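Student: Pasting data25.pdb here (PDB, C-alpha atoms):
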ATOM      1  CA  MET A 707     -81.840  45.403  95.358  1.00  0.00           C
ATOM      2  CA  SER A 708     -83.503  43.081  92.902  1.00  0.00           C
ATOM      3  CA  LEU A 709     -82.062  39.615  92.601  1.00  0.00           C
ATOM      4  CA  THR A 710     -80.296  38.695  89.383  1.00  0.00           C
ATOM      5  CA  PRO A 711     -81.537  35.768  87.259  1.00  0.00           C
ATOM      6  CA  GLU A 712     -78.471  33.830  88.455  1.00  0.00           C
ATOM      7  CA  GLN A 713     -79.343  34.475  92.115  1.00  0.00           C
ATOM      8  CA  LEU A 714     -82.956  33.437  91.520  1.00  0.00           C
ATOM      9  CA  ALA A 715     -81.780  30.187  89.902  1.00  0.00           C
ATOM     10  CA  GLN A 716     -79.416  29.510  92.801  1.00  0.00           C
ATOM     11  CA  ARG A 717     -82.126  30.217  95.395  1.00  0.00           C
ATOM     12  CA  ALA A 718     -84.434  27.707  93.691  1.00  0.00           C
ATOM     13  CA  LEU A 719     -82.046  24.977  94.897  1.00  0.00           C
ATOM     14  CA  GLY A 720     -82.357  25.692  98.614  1.00  0.00           C
ATOM     15  CA  VAL A 721     -84.019  27.671 101.369  1.00  0.00           C
ATOM     16  CA  SER A 722     -83.170  31.343 101.784  1.00  0.00           C
ATOM     17  CA  ALA A 723     -83.270  33.328 105.004  1.00  0.00           C
ATOM     18  CA  SER A 724     -86.477  35.058 103.922  1.00  0.00           C
ATOM     19  CA  GLU A 725     -88.201  31.665 103.492  1.00  0.00           C
ATOM     20  CA  VAL A 726     -87.238  29.955 106.763  1.00  0.00           C
ATOM     21  CA  ALA A 727     -90.299  31.095 108.727  1.00  0.00           C
ATOM     22  CA  ALA A 728     -92.630  29.865 105.965  1.00  0.00           C
ATOM     23  CA  VAL A 729     -90.888  26.491 105.700  1.00  0.00           C
ATOM     24  CA  CYS A 730     -91.159  26.084 109.491  1.00  0.00           C
ATOM     25  CA  GLY A 731     -94.843  27.011 109.437  1.00  0.00           C
ATOM     26  CA  LEU A 732     -94.243  30.221 111.391  1.00  0.00           C
ATOM     27  CA  SER A 733     -95.086  32.822 108.759  1.00  0.00           C
ATOM     28  CA  PRO A 734     -98.529  34.440 108.744  1.00  0.00           C
ATOM     29  CA  TYR A 735     -98.111  35.114 104.998  1.00  0.00           C
ATOM     30  CA  GLU A 736     -96.966  31.804 103.526  1.00  0.00           C
ATOM     31  CA  GLY A 737     -96.439  28.150 104.353  1.00  0.00           C
ATOM     32  CA  PRO A 738     -94.097  25.371 103.227  1.00  0.00           C
ATOM     33  CA  TRP A 739     -96.268  24.466 100.229  1.00  0.00           C
ATOM     34  CA  GLY A 740     -96.123  28.043  98.909  1.00  0.00           C
ATOM     35  CA  VAL A 741     -92.316  28.081  99.089  1.00  0.00           C
ATOM     36  CA  TRP A 742     -92.127  24.770  97.227  1.00  0.00           C
ATOM     37  CA  ALA A 743     -94.682  25.847  94.594  1.00  0.00           C
ATOM     38  CA  LYS A 744     -92.802  29.064  93.820  1.00  0.00           C
ATOM     39  CA  LYS A 745     -89.463  27.248  93.544  1.00  0.00           C
ATOM     40  CA  LYS A 746     -90.972  24.703  91.151  1.00  0.00           C
ATOM     41  CA  GLY A 747     -92.645  27.391  89.027  1.00  0.00           C
ATOM     42  CA  HIS A 748     -96.186  26.321  89.943  1.00  0.00           C
ATOM     43  CA  MET A 749     -97.008  29.662  91.512  1.00  0.00           C
ATOM     44  CA  THR A 750     -95.933  33.252  90.976  1.00  0.00           C
ATOM     45  CA  VAL A 751     -96.072  36.131  93.396  1.00  0.00           C
ATOM     46  CA  GLU A 752     -97.295  39.539  92.385  1.00  0.00           C
ATOM     47  CA  MET A 753     -95.306  42.286  94.068  1.00  0.00           C
ATOM     48  CA  SER A 754     -97.464  44.061  96.647  1.00  0.00           C
ATOM     49  CA  ASP A 755     -97.170  47.742  97.467  1.00  0.00           C
ATOM     50  CA  ALA A 756     -95.367  46.823 100.711  1.00  0.00           C
ATOM     51  CA  MET A 757     -92.859  44.652  98.814  1.00  0.00           C
ATOM     52  CA  LEU A 758     -92.263  47.402  96.261  1.00  0.00           C
ATOM     53  CA  LEU A 759     -91.769  49.983  98.986  1.00  0.00           C
ATOM     54  CA  GLY A 760     -89.237  47.723 100.697  1.00  0.00           C
ATOM     55  CA  HIS A 761     -87.211  47.472  97.493  1.00  0.00           C
ATOM     56  CA  LEU A 762     -87.425  51.197  96.749  1.00  0.00           C
ATOM     57  CA  MET A 763     -86.362  52.189 100.279  1.00  0.00           C
ATOM     58  CA  GLU A 764     -83.380  49.843 100.562  1.00  0.00           C
ATOM     59  CA  GLU A 765     -80.807  52.223  99.060  1.00  0.00           C
ATOM     60  CA  PRO A 766     -81.895  55.351 101.009  1.00  0.00           C
ATOM     61  CA  ILE A 767     -81.900  53.340 104.248  1.00  0.00           C
ATOM     62  CA  ALA A 768     -78.404  52.028 103.521  1.00  0.00           C
ATOM     63  CA  GLN A 769     -77.215  55.584 102.788  1.00  0.00           C
ATOM     64  CA  MET A 770     -78.748  56.817 106.041  1.00  0.00           C
ATOM     65  CA  TYR A 771     -77.006  54.017 107.956  1.00  0.00           C
ATOM     66  CA  ALA A 772     -73.656  54.968 106.407  1.00  0.00           C
ATOM     67  CA  ARG A 773     -74.212  58.623 107.267  1.00  0.00           C
ATOM     68  CA  LYS A 774     -74.980  57.772 110.906  1.00  0.00           C
ATOM     69  CA  ASN A 775     -71.965  55.453 111.133  1.00  0.00           C
ATOM     70  CA  PRO A 776     -68.970  57.406 109.797  1.00  0.00           C
ATOM     71  CA  GLY A 777     -66.082  55.331 108.527  1.00  0.00           C
ATOM     72  CA  VAL A 778     -68.053  52.241 107.544  1.00  0.00           C
ATOM     73  CA  THR A 779     -67.918  50.984 104.001  1.00  0.00           C
ATOM     74  CA  MET A 780     -70.671  48.914 102.419  1.00  0.00           C
ATOM     75  CA  ARG A 781     -70.964  46.652  99.460  1.00  0.00           C
ATOM     76  CA  LEU A 782     -73.810  44.715  97.906  1.00  0.00           C
ATOM     77  CA  SER A 783     -73.833  41.053  98.756  1.00  0.00           C
ATOM     78  CA  ASP A 784     -74.082  38.088  96.483  1.00  0.00           C
ATOM     79  CA  THR A 785     -76.206  35.133  97.554  1.00  0.00           C
ATOM     80  CA  LEU A 786     -74.282  33.400 100.327  1.00  0.00           C
ATOM     81  CA  THR A 787     -74.480  29.687 101.075  1.00  0.00           C
ATOM     82  CA  HIS A 788     -73.540  27.787 104.213  1.00  0.00           C
ATOM     83  CA  PRO A 789     -70.120  26.120 103.768  1.00  0.00           C
ATOM     84  CA  THR A 790     -71.397  22.575 104.385  1.00  0.00           C
ATOM     85  CA  GLU A 791     -75.201  22.873 104.100  1.00  0.00           C
ATOM     86  CA  ARG A 792     -75.434  24.141 100.507  1.00  0.00           C
ATOM     87  CA  TRP A 793     -79.251  24.352 100.673  1.00  0.00           C
ATOM     88  CA  ALA A 794     -79.065  27.084 103.363  1.00  0.00           C
ATOM     89  CA  MET A 795     -78.685  30.529 101.774  1.00  0.00           C
ATOM     90  CA  ALA A 796     -79.134  34.226 102.322  1.00  0.00           C
ATOM     91  CA  THR A 797     -78.777  37.393 100.298  1.00  0.00           C
ATOM     92  CA  PRO A 798     -78.067  40.175 102.803  1.00  0.00           C
ATOM     93  CA  ASP A 799     -78.861  43.722 101.708  1.00  0.00           C
ATOM     94  CA  ARG A 800     -75.307  44.921 102.427  1.00  0.00           C
ATOM     95  CA  ILE A 801     -72.029  43.705 103.872  1.00  0.00           C
ATOM     96  CA  VAL A 802     -70.625  46.415 106.119  1.00  0.00           C
ATOM     97  CA  THR A 803     -66.980  46.839 107.059  1.00  0.00           C
ATOM     98  CA  ALA A 804     -66.373  48.814 110.241  1.00  0.00           C
ATOM     99  CA  PRO A 805     -63.321  51.094 110.573  1.00  0.00           C
ATOM    100  CA  ASN A 806     -61.576  48.367 112.638  1.00  0.00           C
ATOM    101  CA  GLY A 807     -62.056  45.837 109.796  1.00  0.00           C
ATOM    102  CA  THR A 808     -64.908  43.877 111.382  1.00  0.00           C
ATOM    103  CA  GLU A 809     -67.499  42.773 108.832  1.00  0.00           C
ATOM    104  CA  TYR A 810     -71.204  42.373 109.531  1.00  0.00           C
ATOM    105  CA  LEU A 811     -74.485  42.205 107.645  1.00  0.00           C
ATOM    106  CA  LEU A 812     -77.018  44.997 107.207  1.00  0.00           C
ATOM    107  CA  GLU A 813     -80.677  44.292 106.491  1.00  0.00           C
ATOM    108  CA  CYS A 814     -82.548  47.410 105.363  1.00  0.00           C
ATOM    109  CA  LYS A 815     -86.112  46.047 105.333  1.00  0.00           C
TER     110      LYS A 815
END
Can you dump the structure from the file as structure tokens?

Tutor:
Amino acid sequence: MSLTPEQLAQRALGVSASEVAAVCGLSPYEGPWGVWAKKKGHMTVEMSDAMLLGHLMEEPIAQMYARKNPGVTMRLSDTLTHPTERWAMATPDRIVTAPNGTEYLLECK
């Protein structure tokens, strides 16, 4: 799923789940400065083949998960923010509802 322009604007105001490792200095791919520079528009990221593949495979992986877990329903998620720490956000790939009504998140990549 590609993020909407509204989601991208919202994510510029905080730290998303996919950026936490970089902000903490734990990512081998990016550091805190890179996260800041992208949010401020000082740097752009060209989509790599691995990133493109991750986006292209998200829907088939979600369909496979649903097939292997009969009775679940899934919906796309909006960008979620922590109720009190508005800077903390995540955009899960899917929100899954189990047959018993329990909801959980599904990450496909």

Student: Pick out the closest residue to A:Leu782 from this set: A:Gln769, A:Thr797, A:Ser733, A:Thr710. Count all atoms listed in the file.

Tutor: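 Closest candidate: A:Thr797.
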
Student: One decimal, in Å: what's the spacing between atom CA of A:Gln713 and atom CA of A:Ile801?

Tutor: 16.6 Å

Student: What is the distance between atom CA of A:Met763 and atom CA of A:Lys815, in Å to one decimal?

Tutor: 8.0 Å

Student: Please identify all polymer residues within 8 Å of A:Glu764, counting only C-alpha atoms, omitting same-chain residues fewer than 3 positions from it, and present them as a ChimeraX atom specification.

Tutor: /A:707,760-761,767-768,799,814-815

Student: Atom CA of A:Tyr810 and atom CA of A:Met780 are how many Å apart?

Tutor: 9.7 Å

Student: Would you fill the gaps in stretch 711-723 of chain A so it has N, CA, C and O atoms, then print it as a short mmCIF file (atom, residue, chain, number, x, y, z; two decimals), keeping the file's coordinate frame?

Tutor:
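File written: result-v6.cif
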data_model
loop_
_atom_site.label_atom_id
_atom_site.label_comp_id
_atom_site.auth_asym_id
_atom_site.auth_seq_id
_atom_site.Cartn_x
_atom_site.Cartn_y
_atom_site.Cartn_z
N PRO A 711 -81.04 37.09 87.69
CA PRO A 711 -81.54 35.77 87.26
C PRO A 711 -80.67 34.62 87.80
O PRO A 711 -81.20 33.57 88.17
N GLU A 712 -79.37 34.86 87.92
CA GLU A 712 -78.47 33.83 88.46
C GLU A 712 -78.77 33.56 89.94
O GLU A 712 -78.79 32.41 90.38
N GLN A 713 -79.01 34.64 90.70
CA GLN A 713 -79.34 34.48 92.12
C GLN A 713 -80.68 33.76 92.28
O GLN A 713 -80.82 32.89 93.14
N LEU A 714 -81.66 34.10 91.46
CA LEU A 714 -82.96 33.44 91.52
C LEU A 714 -82.82 31.95 91.23
O LEU A 714 -83.43 31.11 91.90
N ALA A 715 -82.00 31.60 90.23
CA ALA A 715 -81.78 30.19 89.90
C ALA A 715 -81.09 29.46 91.05
O ALA A 715 -81.46 28.33 91.39
N GLN A 716 -80.12 30.10 91.67
CA GLN A 716 -79.42 29.51 92.80
C GLN A 716 -80.37 29.30 93.98
O GLN A 716 -80.39 28.25 94.61
N ARG A 717 -81.20 30.30 94.26
CA ARG A 717 -82.13 30.22 95.40
C ARG A 717 -83.20 29.15 95.19
O ARG A 717 -83.79 28.68 96.16
N ALA A 718 -83.46 28.76 93.95
CA ALA A 718 -84.43 27.71 93.69
C ALA A 718 -83.94 26.35 94.19
O ALA A 718 -84.72 25.42 94.35
N LEU A 719 -82.64 26.25 94.48
CA LEU A 719 -82.05 24.98 94.90
C LEU A 719 -81.99 24.80 96.41
O LEU A 719 -81.51 23.78 96.90
N GLY A 720 -82.45 25.80 97.16
CA GLY A 720 -82.36 25.69 98.61
C GLY A 720 -83.38 26.57 99.29
O GLY A 720 -84.35 27.01 98.68
N VAL A 721 -83.14 26.84 100.56
CA VAL A 721 -84.02 27.67 101.37
C VAL A 721 -83.25 28.92 101.77
O VAL A 721 -82.17 28.84 102.35
N SER A 722 -83.83 30.08 101.45
CA SER A 722 -83.17 31.34 101.78
C SER A 722 -83.66 31.84 103.14
O SER A 722 -84.68 31.39 103.66
N ALA A 723 -82.94 32.79 103.68
CA ALA A 723 -83.27 33.33 105.00
C ALA A 723 -84.69 33.88 105.04
O ALA A 723 -85.39 33.74 106.04
#
